[in-house]
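Enquirer: My structure file upload.cif, mmCIF, C-alpha atoms, is below:
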data_work
#
loop_
_atom_site.label_atom_id
_atom_site.label_comp_id
_atom_site.auth_asym_id
_atom_site.auth_seq_id
_atom_site.Cartn_x
_atom_site.Cartn_y
_atom_site.Cartn_z
CA MET A 205 -19.20 9.41 -40.23
CA ILE A 206 -17.23 6.42 -41.49
CA THR A 207 -18.36 3.55 -43.67
CA ARG A 208 -18.84 0.03 -42.35
CA GLU A 209 -15.84 -1.02 -44.47
CA GLU A 210 -13.60 1.67 -42.90
CA HIS A 211 -14.81 0.59 -39.47
CA ASP A 212 -14.11 -3.08 -40.10
CA GLN A 213 -10.67 -2.33 -41.59
CA ALA A 214 -9.82 -0.26 -38.51
CA VAL A 215 -10.90 -3.08 -36.17
CA ALA A 216 -8.83 -5.59 -38.14
CA TYR A 217 -5.79 -3.25 -38.05
CA THR A 218 -6.24 -2.80 -34.30
CA ALA A 219 -6.41 -6.55 -33.69
CA GLU A 220 -3.26 -7.02 -35.81
CA GLN A 221 -1.43 -4.34 -33.85
CA PHE A 222 -2.42 -5.97 -30.55
CA ALA A 223 -1.20 -9.34 -31.81
CA ALA A 224 2.11 -7.81 -32.96
CA THR A 225 2.51 -6.22 -29.51
CA GLY A 226 1.80 -9.51 -27.72
CA ILE A 227 -1.47 -8.18 -26.26
CA GLU A 228 -4.03 -10.97 -25.90
CA LEU A 229 -7.76 -10.23 -26.17
CA THR A 230 -10.89 -12.25 -25.56
CA ASP A 231 -13.40 -12.55 -28.42
CA ALA A 232 -15.81 -10.38 -26.42
CA GLU A 233 -13.17 -7.66 -26.20
CA ARG A 234 -12.40 -7.82 -29.91
CA ALA A 235 -16.09 -7.03 -30.50
CA GLN A 236 -15.80 -3.99 -28.20
CA ILE A 237 -13.00 -2.21 -30.11
CA GLU A 238 -14.17 1.35 -30.69
CA VAL A 239 -13.34 3.32 -33.84
CA ALA A 240 -13.50 7.10 -33.34
CA ASP A 241 -13.35 9.49 -36.30
CA PHE A 242 -14.52 12.45 -34.15
CA GLY A 243 -17.20 13.21 -36.72
CA LEU A 244 -14.65 14.53 -39.25
CA GLY A 245 -15.01 11.66 -41.73
CA ASN A 246 -11.28 11.31 -42.37
CA LEU A 247 -10.35 8.42 -40.10
CA ARG A 248 -6.84 7.68 -41.40
CA GLU A 249 -5.82 11.28 -40.75
CA THR A 250 -7.83 12.17 -37.63
CA GLY A 251 -9.06 9.44 -35.35
CA LEU A 252 -8.25 6.73 -32.91
CA MET A 253 -9.06 3.13 -32.10
CA LEU A 254 -9.68 2.17 -28.46
CA LEU A 255 -10.27 -0.80 -26.23
CA VAL A 256 -11.44 -0.09 -22.67
CA TYR A 257 -10.31 -2.81 -20.26
CA VAL A 258 -11.97 -1.36 -17.18
CA ASN A 259 -13.58 1.93 -16.19
CA THR A 260 -14.87 2.10 -12.61
CA ASP A 261 -15.85 5.16 -10.59
CA ARG A 262 -12.21 5.26 -9.39
CA TYR A 263 -9.85 4.28 -12.25
CA CYS A 264 -9.69 3.34 -15.91
CA ALA A 265 -7.35 1.40 -18.23
CA LYS A 266 -7.47 1.33 -22.04
CA GLU A 267 -5.35 0.54 -25.06
CA LEU A 268 -5.17 3.15 -27.82
CA VAL A 269 -4.17 2.22 -31.38
CA LEU A 270 -3.31 4.69 -34.14
CA TYR A 271 -2.70 4.33 -37.87
CA PRO A 272 0.63 5.73 -39.17
CA LYS A 273 0.58 9.54 -38.73
CA GLN A 274 -3.01 9.44 -37.42
CA THR A 275 -3.83 12.29 -35.02
CA CYS A 276 -6.05 12.43 -31.96
CA PRO A 277 -7.10 16.10 -32.02
CA GLU A 278 -6.52 18.63 -29.25
CA HIS A 279 -8.79 18.30 -26.23
CA ARG A 280 -8.90 18.47 -22.45
CA HIS A 281 -10.68 16.56 -19.70
CA PRO A 282 -12.62 19.10 -17.62
CA PRO A 283 -13.58 18.86 -13.93
CA PHE A 284 -16.78 16.92 -13.19
CA GLU A 285 -18.71 15.72 -10.15
CA GLY A 286 -16.33 17.33 -7.67
CA THR A 287 -13.20 15.85 -9.31
CA PRO A 288 -10.47 17.94 -11.01
CA GLY A 289 -11.08 16.03 -14.28
CA LYS A 290 -9.38 13.00 -15.76
CA GLU A 291 -5.66 12.58 -15.06
CA GLU A 292 -4.02 10.12 -17.47
CA THR A 293 -0.74 8.35 -18.11
CA PHE A 294 0.19 7.38 -21.69
CA ARG A 295 2.66 4.51 -22.00
CA CYS A 296 3.93 3.73 -25.48
CA ARG A 297 3.97 0.00 -26.26
CA ARG A 298 4.76 -0.11 -29.99
CA GLY A 299 5.76 2.42 -32.65
CA THR A 300 6.19 6.01 -31.50
CA VAL A 301 3.82 8.76 -30.48
CA ASP A 302 4.36 12.52 -30.47
CA LEU A 303 2.41 14.11 -27.63
CA TRP A 304 1.80 17.83 -27.33
CA VAL A 305 0.83 18.95 -23.82
CA ASP A 306 0.13 22.65 -23.37
CA GLY A 307 2.21 23.32 -26.50
CA GLU A 308 5.21 21.25 -25.39
CA LEU A 309 6.30 18.24 -27.50
CA ILE A 310 7.09 14.91 -25.86
CA THR A 311 8.05 11.95 -28.08
CA LEU A 312 7.39 8.54 -26.54
CA GLN A 313 9.25 5.42 -27.65
CA PRO A 314 8.17 1.92 -26.53
CA GLY A 315 8.58 1.67 -22.74
CA GLU A 316 8.34 5.43 -22.21
CA GLN A 317 5.40 7.17 -20.56
CA PHE A 318 4.06 10.59 -19.63
CA THR A 319 1.34 11.73 -17.22
CA ILE A 320 -1.03 14.50 -18.33
CA PRO A 321 -2.57 16.62 -15.54
CA PRO A 322 -6.37 17.10 -15.46
CA ASP A 323 -8.01 19.82 -17.58
CA THR A 324 -4.85 20.32 -19.69
CA LEU A 325 -4.95 20.76 -23.48
CA HIS A 326 -3.20 17.93 -25.35
CA TRP A 327 -3.13 16.12 -28.68
CA PHE A 328 -1.05 13.31 -30.10
CA GLN A 329 0.05 11.80 -33.38
CA ALA A 330 1.53 8.39 -34.19
CA GLY A 331 4.83 8.07 -36.04
CA GLU A 332 5.35 6.41 -39.45
CA GLU A 333 4.73 2.91 -38.01
CA GLY A 334 1.53 3.76 -36.15
CA ALA A 335 1.36 3.24 -32.40
CA VAL A 336 -0.05 1.17 -29.56
CA VAL A 337 -0.38 3.18 -26.33
CA SER A 338 -1.62 2.00 -22.93
CA GLU A 339 -3.62 4.57 -21.01
CA PHE A 340 -3.89 4.41 -17.21
CA SER A 341 -6.12 7.06 -15.65
CA SER A 342 -8.70 8.18 -13.18
CA THR A 343 -12.32 7.55 -14.24
CA SER A 344 -12.91 8.19 -17.96
CA ARG A 345 -15.88 10.24 -19.16
CA ASP A 346 -15.24 10.61 -22.91
CA ASP A 347 -18.63 12.31 -23.29
CA LEU A 348 -17.34 15.30 -21.30
CA ASP A 349 -14.13 15.84 -23.35
CA VAL A 350 -13.75 19.41 -24.63
CA PHE A 351 -12.22 19.59 -28.13
CA THR A 352 -10.61 22.73 -29.55
CA ASP A 353 -12.11 22.10 -33.02
CA PRO A 354 -15.84 22.92 -32.68
CA ARG A 355 -16.74 20.53 -35.53
CA ILE A 356 -15.77 17.51 -33.44
CA VAL A 357 -18.34 15.03 -32.19
CA ARG A 358 -16.86 12.44 -29.84
CA ARG A 359 -19.58 9.81 -30.18
CA PRO A 360 -18.80 7.34 -32.97
CA ALA A 361 -21.04 7.06 -36.00
CA VAL A 362 -20.86 4.29 -38.58
CA ASP A 363 -22.82 4.56 -41.81
CA MET B 17 15.04 -12.08 3.89
CA ILE B 18 16.46 -13.13 0.53
CA THR B 19 20.06 -13.20 -0.62
CA ARG B 20 21.45 -10.75 -3.16
CA GLU B 21 21.78 -13.68 -5.58
CA GLU B 22 18.11 -14.65 -5.18
CA HIS B 23 17.16 -11.01 -5.69
CA ASP B 24 19.24 -10.65 -8.85
CA GLN B 25 17.95 -13.95 -10.26
CA ALA B 26 14.38 -12.79 -9.67
CA VAL B 27 15.03 -9.46 -11.43
CA ALA B 28 16.60 -11.28 -14.39
CA TYR B 29 13.63 -13.69 -14.57
CA THR B 30 11.22 -10.75 -14.45
CA ALA B 31 13.02 -8.94 -17.27
CA GLU B 32 12.96 -12.15 -19.35
CA GLN B 33 9.24 -12.57 -18.75
CA PHE B 34 8.58 -8.97 -19.80
CA ALA B 35 10.63 -9.49 -22.96
CA ALA B 36 8.74 -12.71 -23.75
CA THR B 37 5.43 -10.86 -23.27
CA GLY B 38 6.51 -8.00 -25.56
CA ILE B 39 6.58 -5.52 -22.66
CA GLU B 40 9.27 -2.87 -23.21
CA LEU B 41 11.00 -1.24 -20.22
CA THR B 42 13.40 1.66 -19.85
CA ASP B 43 16.73 0.99 -18.09
CA ALA B 44 15.51 3.14 -15.18
CA GLU B 45 12.45 0.91 -14.83
CA ARG B 46 14.50 -2.29 -14.92
CA ALA B 47 16.39 -0.93 -11.90
CA GLN B 48 13.07 -0.38 -10.09
CA ILE B 49 11.81 -3.96 -10.26
CA GLU B 50 10.80 -4.96 -6.73
CA VAL B 51 11.25 -8.47 -5.34
CA ALA B 52 8.90 -9.26 -2.44
CA ASP B 53 9.37 -12.38 -0.31
CA PHE B 54 6.97 -11.09 2.36
CA GLY B 55 9.60 -11.79 5.00
CA LEU B 56 9.11 -15.56 4.72
CA GLY B 57 12.49 -16.28 3.11
CA ASN B 58 11.12 -18.74 0.56
CA LEU B 59 10.80 -16.59 -2.53
CA ARG B 60 10.18 -19.29 -5.14
CA GLU B 61 7.21 -20.57 -3.14
CA THR B 62 5.79 -17.37 -1.62
CA GLY B 63 6.53 -14.05 -3.22
CA LEU B 64 6.05 -11.74 -6.14
CA MET B 65 8.00 -9.47 -8.46
CA LEU B 66 6.53 -6.04 -9.29
CA LEU B 67 7.11 -3.03 -11.47
CA VAL B 68 5.05 0.08 -10.67
CA TYR B 69 4.44 2.20 -13.79
CA VAL B 70 2.54 4.98 -12.04
CA ASN B 71 0.93 5.53 -8.65
CA THR B 72 -0.76 8.91 -8.21
CA ASP B 73 -3.25 9.98 -5.54
CA ARG B 74 -6.00 8.82 -7.95
CA TYR B 75 -4.87 5.65 -9.78
CA CYS B 76 -2.10 3.09 -10.10
CA ALA B 77 -0.78 0.68 -12.75
CA LYS B 78 1.75 -2.13 -12.21
CA GLU B 79 2.99 -5.33 -13.75
CA LEU B 80 3.20 -8.40 -11.49
CA VAL B 81 5.45 -11.35 -12.35
CA LEU B 82 5.38 -14.76 -10.66
CA TYR B 83 7.61 -17.82 -10.81
CA PRO B 84 5.90 -21.12 -11.69
CA LYS B 85 3.50 -22.02 -8.81
CA GLN B 86 4.65 -18.99 -6.80
CA THR B 87 1.95 -17.66 -4.44
CA CYS B 88 1.10 -14.15 -3.33
CA PRO B 89 -0.38 -14.83 0.12
CA GLU B 90 -3.86 -13.90 1.32
CA HIS B 91 -4.38 -10.21 2.08
CA ARG B 92 -6.84 -7.34 1.79
CA HIS B 93 -6.58 -3.62 1.07
CA PRO B 94 -8.30 -1.82 3.96
CA PRO B 95 -9.99 1.61 3.89
CA PHE B 96 -7.68 4.61 4.33
CA GLU B 97 -7.91 8.40 4.25
CA GLY B 98 -11.65 8.41 3.62
CA THR B 99 -11.45 5.90 0.72
CA PRO B 100 -12.98 2.39 0.80
CA GLY B 101 -9.50 0.89 0.19
CA LYS B 102 -7.78 -0.18 -2.99
CA GLU B 103 -9.96 -1.59 -5.78
CA GLU B 104 -7.92 -3.52 -8.36
CA THR B 105 -8.25 -5.26 -11.71
CA PHE B 106 -5.93 -8.16 -12.55
CA ARG B 107 -5.43 -8.82 -16.25
CA CYS B 108 -3.47 -11.93 -17.17
CA ARG B 109 -0.89 -11.28 -19.92
CA ARG B 110 1.13 -14.52 -20.00
CA GLY B 111 0.88 -17.93 -18.35
CA THR B 112 -2.09 -18.50 -16.08
CA VAL B 113 -3.03 -17.33 -12.61
CA ASP B 114 -5.43 -18.86 -10.10
CA LEU B 115 -7.09 -16.16 -8.03
CA TRP B 116 -9.04 -16.82 -4.86
CA VAL B 117 -11.39 -14.00 -3.88
CA ASP B 118 -13.38 -14.48 -0.68
CA GLY B 119 -12.84 -18.23 -1.09
CA GLU B 120 -14.00 -18.39 -4.72
CA LEU B 121 -11.56 -19.61 -7.40
CA ILE B 122 -11.15 -17.70 -10.65
CA THR B 123 -8.59 -18.92 -13.21
CA LEU B 124 -7.31 -16.26 -15.59
CA GLN B 125 -5.84 -17.10 -18.99
CA PRO B 126 -4.01 -14.48 -21.10
CA GLY B 127 -6.50 -11.74 -22.07
CA GLU B 128 -8.82 -12.47 -19.14
CA GLN B 129 -9.29 -10.15 -16.18
CA PHE B 130 -11.09 -9.84 -12.85
CA THR B 131 -11.82 -6.86 -10.58
CA ILE B 132 -11.41 -7.32 -6.82
CA PRO B 133 -13.54 -5.04 -4.60
CA PRO B 134 -11.86 -3.01 -1.84
CA ASP B 135 -11.18 -4.60 1.56
CA THR B 136 -11.78 -8.14 0.22
CA LEU B 137 -9.54 -11.09 1.12
CA HIS B 138 -7.71 -12.55 -1.88
CA TRP B 139 -4.60 -14.51 -2.85
CA PHE B 140 -3.23 -15.83 -6.10
CA GLN B 141 -0.87 -18.43 -7.50
CA ALA B 142 0.76 -18.73 -10.92
CA GLY B 143 0.36 -21.88 -13.01
CA GLU B 144 3.18 -24.20 -14.15
CA GLU B 145 4.56 -21.61 -16.59
CA GLY B 146 4.60 -18.67 -14.17
CA ALA B 147 2.58 -15.57 -14.97
CA VAL B 148 2.69 -11.94 -16.02
CA VAL B 149 -0.31 -9.97 -14.73
CA SER B 150 -1.17 -6.29 -15.31
CA GLU B 151 -2.77 -4.59 -12.33
CA PHE B 152 -4.95 -1.49 -12.81
CA SER B 153 -6.25 0.06 -9.59
CA SER B 154 -7.07 3.01 -7.43
CA THR B 155 -4.13 4.43 -5.45
CA SER B 156 -1.83 1.73 -4.10
CA ARG B 157 -0.63 1.80 -0.49
CA ASP B 158 1.23 -1.51 -0.11
CA ASP B 159 2.33 -0.48 3.41
CA LEU B 160 -1.30 -0.69 4.57
CA ASP B 161 -2.01 -4.21 3.23
CA VAL B 162 -3.40 -6.59 5.86
CA PHE B 163 -2.09 -10.17 5.51
CA THR B 164 -3.78 -13.19 7.07
CA ASP B 165 -0.43 -14.78 8.03
CA PRO B 166 0.86 -12.71 10.98
CA ARG B 167 4.51 -13.59 10.12
CA ILE B 168 4.36 -11.54 6.93
CA VAL B 169 6.34 -8.33 6.53
CA ARG B 170 5.49 -6.50 3.29
CA ARG B 171 8.63 -4.35 3.08
CA PRO B 172 11.36 -6.10 1.09
CA ALA B 173 14.63 -7.05 2.73
CA VAL B 174 17.72 -8.19 0.85
CA ASP B 175 20.67 -9.66 2.74
#
Translate the structure of the given file into structure tokens.

Expert:
Amino acid sequence: MITREEHDQAVAYTAEQFAATGIELTDAERAQIEVADFGLGNLRETGLMLLVYVNTDRYCAKELVLYPKQTCPEHRHPPFEGTPGKEETFRCRRGTVDLWVDGELITLQPGEQFTIPPDTLHWFQAGEEGAVVSEFSSTSRDDLDVFTDPRIVRRPAVD
Amino acid sequence: MITREEHDQAVAYTAEQFAATGIELTDAERAQIEVADFGLGNLRETGLMLLVYVNTDRYCAKELVLYPKQTCPEHRHPPFEGTPGKEETFRCRRGTVDLWVDGELITLQPGEQFTIPPDTLHWFQAGEEGAVVSEFSSTSRDDLDVFTDPRIVRRPAVD
């Protein structure tokens, strides 16, 4: 659970980061920025801000924004509906992001990218300047994500 | 057919447009920028510059760059290998782009996007300032594209 103030601060930070990266948004999109604290109530440490551009039954594209040193906790995208699960490519746009995939560390600078196979454990953390990361993928079903920490609830909750 | 000089000018223009849009590239990616004149030999009028970020058997992401008033000619993405054909979302990043889909005109400003169904005739033209357009899609098979103008050859040729 996060407070309305934390939520609004996170949305404002996300919009600033997009502006600094040269990413233009419509007003409707700005209102759709999602703030995820994964139910842990410590957004600045563990969480993520997201904007979904498109998510069809074939492909998905999003922007991910992280506060400095903020972590998206370990999870995997399991098989569903006859697919092998979500395959995704992270492309760093601003700042840096450390990405652990099956225990291996990959650091992405702006312009660098990495593709994560389906159903593979991964987590990531922004560097000291935070990060903006584009995600290109097969269809996204966040509700099916399997997190290693059993306390995690993916659906956002704002007090 | 385009000359080596036309090709190199187009790559330099593309890199400048990426820089102006805040899009960072690796050196390896800069070397992969594709210049397509569609075999018509009049690049500034009819053509397109592309950079493919990723193209798996499930999804694809590219950046498209156009000179001022440059046109990507009418084509469709037909069904293949049991799929309905490529579905794609164009998101304008810089400049403007006029997109005709099945005869309907959609003008995209920066931050605006449109999704084109599979196997649907479409063409597009940049505005007076040129354009940078992100494309998110299902798997891309440019070699299968069906162009309305029978003179068109999709594979690039540099003299």

Enquirer: What residues come out when you apply the PyMOL selection byres ((chain A) within 6 of (chain B)) to this file, written as number ranges by chain?

Expert: A: 225-226, 228-230, 262-263, 314-315, 342

Enquirer: Starting from the PyMOL selection byres ((chain A and resi 248) around 9), expand the selection into actual residues of this file and give them as a PyMOL selection string.

Expert: chain A and resi 214+241+246-247+249-252+270-275

Enquirer: Go through the shown structure with the PyMOL selection byres ((chain A and resi 350) around 8) and write out the matching residues as an mmCIF file with C-alpha atoms, in the frame of the given file.

Expert:
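Result file follows (out_0.cif):
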data_model
loop_
_atom_site.group_PDB
_atom_site.id
_atom_site.type_symbol
_atom_site.label_atom_id
_atom_site.label_comp_id
_atom_site.auth_asym_id
_atom_site.auth_seq_id
_atom_site.Cartn_x
_atom_site.Cartn_y
_atom_site.Cartn_z
ATOM 1 C CA HIS A 279 -8.790 18.300 -26.230
ATOM 2 C CA ARG A 280 -8.900 18.470 -22.450
ATOM 3 C CA HIS A 281 -10.680 16.560 -19.700
ATOM 4 C CA PRO A 282 -12.620 19.100 -17.620
ATOM 5 C CA LEU A 348 -17.340 15.300 -21.300
ATOM 6 C CA ASP A 349 -14.130 15.840 -23.350
ATOM 7 C CA PHE A 351 -12.220 19.590 -28.130
ATOM 8 C CA THR A 352 -10.610 22.730 -29.550
#

Enquirer: Figure out the distance between CA of Val239 (chain A) and CA of Val215 (chain A), please, to one decimal in Å.

Expert: 7.2 Å

Enquirer: Point out the residue among A:Leu244, A:Ala330, A:Leu268, A:Val301 with the least atom-to-atom distance to Arg355 (chain A), counting only C-alpha atoms.

Expert: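 Closest candidate: A:Leu244.
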
Enquirer: To box region 24-33 of chain B, take all atoms listed in the file, fit an axis-aligned box, add 8 Å on each side, and give centre and edge lengths in Å to one decimal, as AutoDock Vina command-line options.

Expert:
--center_x 14.2 --center_y -11.4 --center_z -14.1 --size_x 26.0 --size_y 21.0 --size_z 26.5

Enquirer: Need the shell around Thr218 (chain A): protein/DNA/RNA residues with any atom at most 8 Å away, counting all atoms listed in the file. Skip same-chain ones fewer than 3 positions apart. Format as an NGL selection string?

Expert: :A and (214-215 or 221-222 or 237 or 253 or 269)

Enquirer: Check the smallest atom-to-atom distance from each of B:Thr99, B:Pro89, B:Ser150, B:Thr136 to Leu124 (chain B) using all atoms listed in the file, then report the winner.

Expert: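 The closest residue to Leu124 (chain B) is B:Ser150.
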
Enquirer: Taking (-8.6, -22.7, -9.5) as a centre in this file's frame and 10 Å as the limit, can you find every polymer residue with an atom that close, using only C-alpha atoms, and give them as a PyMOL selection string?

Expert: chain B and resi 113-116+120-124+140-141+143

Enquirer: Tell me, in Å to one decimal, how far CA of Gly299 (chain A) is from CA of Glu238 (chain A).

Expert: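 Between these atoms lies a distance of 20.1 Å.
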
Enquirer: For CA of Trp139 (chain B) and CA of Cys88 (chain B), determine how far apart the two atoms are, in Å to one decimal place.

Expert: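 So the two atoms, CA of Trp139 (chain B) and CA of Cys88 (chain B), lie 5.7 Å apart.
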
Enquirer: Step by step: start from the point (-9.0, -14.8, -1.2) in the file's coordinates, keep every protein, DNA or RNA residue that has an atom no farther than 7 Å from it, count all atoms listed in the file, and write the set as a ChimeraX atom specification.

Expert: /B:90,116-119,137-139
